[in-house]
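The block underneath contains the structure these notes are about, expressed in structure tokens.
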Amino acid sequence: MSTGSLRLIRPLVKVGALIAPRMTGNAAFRMFCTPPVLRGLDKAQQSQISKAEARLAGAERARIAYAEGEVETYLFRTATMPSRGRILLLHGWTGRAAFMSAFIQPLVSVGFEVLAVDLPAHGHSSGKTLQIPKAVAALHAVHAALGPWRGIVAHSFGGIVAASLVVHAVEGFPAIPVDGLVLISAPNSMPDLFHWFGQAIGLNARAQQCFDANVQRLSGRKLETFVGANFLRDAAVRTLVLHAPDDKEVGYANAEALAKAGQKIRLVPLDGLGHRRILYAPATVRAVETFFDRVKDQDDALLADALLASAKNC
């Protein structure tokens with residue numbers, strides 16, 4: 001939902017928060033977890049989506065069931081035998097697997113298998129709402145069917161989901177082990193996002209508490225613990241953070257906070273690529289390929305040098 005739309009409903013929400021804070025907080029949570037339906041795309045946007053979808057042609061497609069529905073998956077195998085491992089691609093909010101497709105052939109060409117997924121309520125997967133616990137549940141089912149994974153490449157909201165996967169962030173779902181994690185334009189703090197949304201629609205303190213409480217109800221963990229930097233610190237997984245300093249949707253401060261979470265984390269700024277163009281930039285694709293090519297057999301200093309060189313050479 002756009003900022004303008006949030007302002008339109010603000011007067012109604014403010015009244016509801018005074019009269020029925022619990023009901024209003026819960027309704028706000030459902031709204032927060034419901035991806036908007038994209039309409040009114042111009043020809044250029046439609047063409048870009050069509051090109052991205054075309055890159056999924058030839059995938060081994062499967063629908064994986066989990067407790068609340070089904071998720072669509074797209075597996076690309078490599079001719080290299082044996083495979084160097086399987087890499088999971090996770091898109092962001094209002095995205096789809098096709099939006100991560102620029103990484104498929106470069107990774108396959110150097111010996112990796114690639115698994116792209118439509119998260120619940122996105123792409124061809126079922127459902128109308130999405131939050132981190134639902135994403136984690138769905139991806140655990142995918143992992144049981146199509147794991148293990150050597151690493152994860154995730155964009156935007158997919159980044160905080162990926163960070164939640166590599167620790168025990170949701171009750172009933174243990175950490176999924178990976179060798180490497182790539183977070184592209186990822187947010188760091190879910191509490192900050194919840195606070196921003198509550199302020200934008202006019203929740204008072206009581207309604208905000210009810211809004212926030214849904215996280216613990218669904219995950220068994222308080223909202224304030226859903227911070228990417230804390231998850232990365234706990235997981236101690238070698239991580240590459242790619243972020244454009246000019247990103248208007250997820251500020252660069254998020255990347256800086258993630259990068260401070262441990263010595264195994266490397267931040268590579270990719271200026272001028274915004275929040276979405278970064279997914280298709282040669283520098284981004286090359287950095288991801290370099291990272292997984294060297295994630296196990298190079299020390300941290302050499303890996304950092306290789307990543308910076310790969311970005312500069314594109």
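Ordered as shown in the structure tokens, chains take letters A, B, and onward, while each chain numbers its residues from 1 and ligands are numbered from 1 in the order shown.
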Contacts between region 180-190 of chain A and region 65-139 of chain A, please, where a residue of region 65-139 of chain A counts if it comes within 10 Å (with only C-alpha atoms); show its shortest atom pair and distance in Å to one decimal, rows by chain and ascending number, as a tab-separated table.
```
residue	atom	partner	partner_atom	distance
A:Ile87	CA	A:Gly180	CA	9.3
A:Leu88	CA	A:Leu181	CA	9.6
A:Leu89	CA	A:Val182	CA	9.6
A:Leu90	CA	A:Leu183	CA	9.7
A:His91	CA	A:Ile184	CA	9.8
A:Gly92	CA	A:Ala186	CA	8.7
A:Ile132	CA	A:Met190	CA	9.9
```
All heavy atoms of the current selection, written as a PDB file, in the first residue's frame:
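Output contents, as saved in out_29.pdb:
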```pdb
ATOM      1  N   ILE A  87      21.714 -23.329  -4.761  1.00  0.00           N
ATOM      2  CA  ILE A  87      21.536 -21.970  -4.256  1.00  0.00           C
ATOM      3  C   ILE A  87      20.053 -21.608  -4.324  1.00  0.00           C
ATOM      4  O   ILE A  87      19.421 -21.751  -5.366  1.00  0.00           O
ATOM      5  CB  ILE A  87      22.337 -20.939  -5.077  1.00  0.00           C
ATOM      6  CG1 ILE A  87      23.811 -21.352  -5.199  1.00  0.00           C
ATOM      7  CG2 ILE A  87      22.201 -19.549  -4.466  1.00  0.00           C
ATOM      8  CD1 ILE A  87      24.556 -21.380  -3.907  1.00  0.00           C
ATOM      9  N   LEU A  88      19.503 -21.126  -3.211  1.00  0.00           N
ATOM     10  CA  LEU A  88      18.113 -20.682  -3.148  1.00  0.00           C
ATOM     11  C   LEU A  88      18.035 -19.190  -3.461  1.00  0.00           C
ATOM     12  O   LEU A  88      18.810 -18.391  -2.923  1.00  0.00           O
ATOM     13  CB  LEU A  88      17.548 -20.942  -1.753  1.00  0.00           C
ATOM     14  CG  LEU A  88      16.138 -20.404  -1.478  1.00  0.00           C
ATOM     15  CD1 LEU A  88      15.095 -21.185  -2.269  1.00  0.00           C
ATOM     16  CD2 LEU A  88      15.832 -20.444   0.025  1.00  0.00           C
ATOM     17  N   LEU A  89      17.080 -18.805  -4.313  1.00  0.00           N
ATOM     18  CA  LEU A  89      16.822 -17.394  -4.627  1.00  0.00           C
ATOM     19  C   LEU A  89      15.486 -16.980  -4.007  1.00  0.00           C
ATOM     20  O   LEU A  89      14.472 -17.627  -4.244  1.00  0.00           O
ATOM     21  CB  LEU A  89      16.761 -17.176  -6.146  1.00  0.00           C
ATOM     22  CG  LEU A  89      17.965 -17.627  -6.975  1.00  0.00           C
ATOM     23  CD1 LEU A  89      17.730 -17.290  -8.448  1.00  0.00           C
ATOM     24  CD2 LEU A  89      19.250 -16.972  -6.475  1.00  0.00           C
ATOM     25  N   LEU A  90      15.506 -15.879  -3.232  1.00  0.00           N
ATOM     26  CA  LEU A  90      14.302 -15.380  -2.580  1.00  0.00           C
ATOM     27  C   LEU A  90      14.031 -13.947  -3.010  1.00  0.00           C
ATOM     28  O   LEU A  90      14.871 -13.069  -2.817  1.00  0.00           O
ATOM     29  CB  LEU A  90      14.449 -15.421  -1.055  1.00  0.00           C
ATOM     30  CG  LEU A  90      14.487 -16.793  -0.375  1.00  0.00           C
ATOM     31  CD1 LEU A  90      14.623 -16.613   1.128  1.00  0.00           C
ATOM     32  CD2 LEU A  90      13.238 -17.592  -0.703  1.00  0.00           C
ATOM     33  N   HIS A  91      12.849 -13.701  -3.546  1.00  0.00           N
ATOM     34  CA  HIS A  91      12.473 -12.363  -3.982  1.00  0.00           C
ATOM     35  C   HIS A  91      11.965 -11.523  -2.808  1.00  0.00           C
ATOM     36  O   HIS A  91      11.820 -12.013  -1.671  1.00  0.00           O
ATOM     37  CB  HIS A  91      11.389 -12.451  -5.065  1.00  0.00           C
ATOM     38  CG  HIS A  91      10.124 -13.100  -4.590  1.00  0.00           C
ATOM     39  ND1 HIS A  91       9.184 -12.444  -3.824  1.00  0.00           N
ATOM     40  CD2 HIS A  91       9.634 -14.361  -4.761  1.00  0.00           C
ATOM     41  CE1 HIS A  91       8.185 -13.253  -3.553  1.00  0.00           C
ATOM     42  NE2 HIS A  91       8.428 -14.434  -4.104  1.00  0.00           N
ATOM     43  N   GLY A  92      11.652 -10.266  -3.086  1.00  0.00           N
ATOM     44  CA  GLY A  92      11.162  -9.355  -2.065  1.00  0.00           C
ATOM     45  C   GLY A  92       9.655  -9.191  -2.080  1.00  0.00           C
ATOM     46  O   GLY A  92       8.936  -9.896  -2.797  1.00  0.00           O
ATOM     47  N   ILE A 132       6.808 -13.255   8.108  1.00  0.00           N
ATOM     48  CA  ILE A 132       8.023 -14.063   8.265  1.00  0.00           C
ATOM     49  C   ILE A 132       7.709 -15.488   8.734  1.00  0.00           C
ATOM     50  O   ILE A 132       8.228 -16.451   8.160  1.00  0.00           O
ATOM     51  CB  ILE A 132       9.035 -13.364   9.190  1.00  0.00           C
ATOM     52  CG1 ILE A 132       9.609 -12.126   8.501  1.00  0.00           C
ATOM     53  CG2 ILE A 132      10.170 -14.322   9.569  1.00  0.00           C
ATOM     54  CD1 ILE A 132      10.515 -11.284   9.376  1.00  0.00           C
TER      55      ILE A 132
END
```
Checklist entry - Near region 28-32 of chain A, within 12 Å and counting only C-alpha atoms, which residues show up once chain neighbours fewer than 6 positions away are dropped, as JSON, numbers by chain? => result {"A": [1, 2, 5, 6, 9, 10, 12, 13, 14, 16, 17, 21, 22, 93, 128, 129, 130, 131, 132, 190, 193, 194, 195, 196, 197, 198, 199, 200, 201, 202, 203, 204, 207, 208, 209, 210, 211, 212, 213, 214, 215, 217, 218]}
Checklist entry - CA of Pro269 (chain A) and CA of Asn230 (chain A) are how many Å apart? => result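 The value is 21.1 Å.
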Item to check | For Pro174 (chain A): contacts at 10 Å, only C-alpha atoms, fewer than 3 positions along chain excluded, given as JSON, numbers by chain | outcome: {"A": [136, 140, 164, 165, 166, 167, 168, 169, 170, 171, 177]}
Next on the checklist: What parts of region 159-306 of chain A does DSSP call strand (DSSP E)? I'd like the answer as a PyMOL selection string.
Outcome noted: chain A and resi 180-184+238-243+265-269
Written selection (C-alpha atoms) as a short mmCIF file (atom, residue, chain, number, x, y, z; two decimals), in the first residue's frame:
```cif
data_model
loop_
_atom_site.label_atom_id
_atom_site.label_comp_id
_atom_site.auth_asym_id
_atom_site.auth_seq_id
_atom_site.Cartn_x
_atom_site.Cartn_y
_atom_site.Cartn_z
CA GLY A 180 26.88 -18.42 2.53
CA LEU A 181 24.20 -15.76 2.50
CA VAL A 182 23.76 -12.81 0.11
CA LEU A 183 21.43 -10.01 1.24
CA ILE A 184 20.52 -7.46 -1.44
CA ARG A 238 29.61 -15.84 5.92
CA THR A 239 27.46 -13.08 4.44
CA LEU A 240 27.67 -10.64 1.55
CA VAL A 241 25.57 -7.46 1.85
CA LEU A 242 24.91 -5.62 -1.42
CA HIS A 243 23.11 -2.29 -1.22
CA ILE A 265 30.04 -10.09 6.89
CA ARG A 266 31.18 -8.01 3.91
CA LEU A 267 29.36 -4.93 2.62
CA VAL A 268 29.81 -3.92 -1.02
CA PRO A 269 28.07 -0.62 -1.92
#
```
Checklist entry - So, counting only C-alpha atoms, which residue among A:Arg7, A:Ala67, A:Ser219, A:Phe99 is closest to Ala54 (chain A)? => result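 Answer, going by the shortest atom-to-atom distance: A:Phe99.
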Checklist entry - Within 9 Å of Glu113 (chain A), counting only C-alpha atoms, which residues qualify if same-chain residues fewer than 5 places away don't, as a list in words? => result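 My list of contacting residues is Leu75, Phe76, Arg77, Thr78, Ser83, Arg84, Gly85, Arg86, Ile87, Leu88, Ile104, Leu107 and Val108 of chain A.
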Next on the checklist: Env of Ala163 (chain A): 8 Å cut, atoms = only C-alpha atoms, seq-sep filter 5 positions within chain, self excluded. Answer as a list in words.
Outcome noted: Gly228, Phe231 and Leu232 of chain A
Prev. selection, C-alpha atoms, output as a compact mmCIF listing (two decimals), in the first residue's frame:
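Printed below is selection_28.txt as written:
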```txt
# COMPACT_ATOMS: atom_id res chain seq x y z
CA GLY A 228 18.65 -8.97 10.93
CA PHE A 231 20.26 -13.02 13.51
CA LEU A 232 23.51 -12.73 11.53
```
Checklist entry - In region 106-280 of chain A, what's alpha helix (DSSP H) per DSSP? Answer as a ChimeraX atom specification? => result /A:106-109,132-146,157-165,190-201,205-219,228-235,252-259
Checklist entry - Looking at A:Ala65, A:Val153, A:Ala253, A:Met23, which one is nearest to Ala287 (chain A), with distances taken over only C-alpha atoms? => result A:Val153
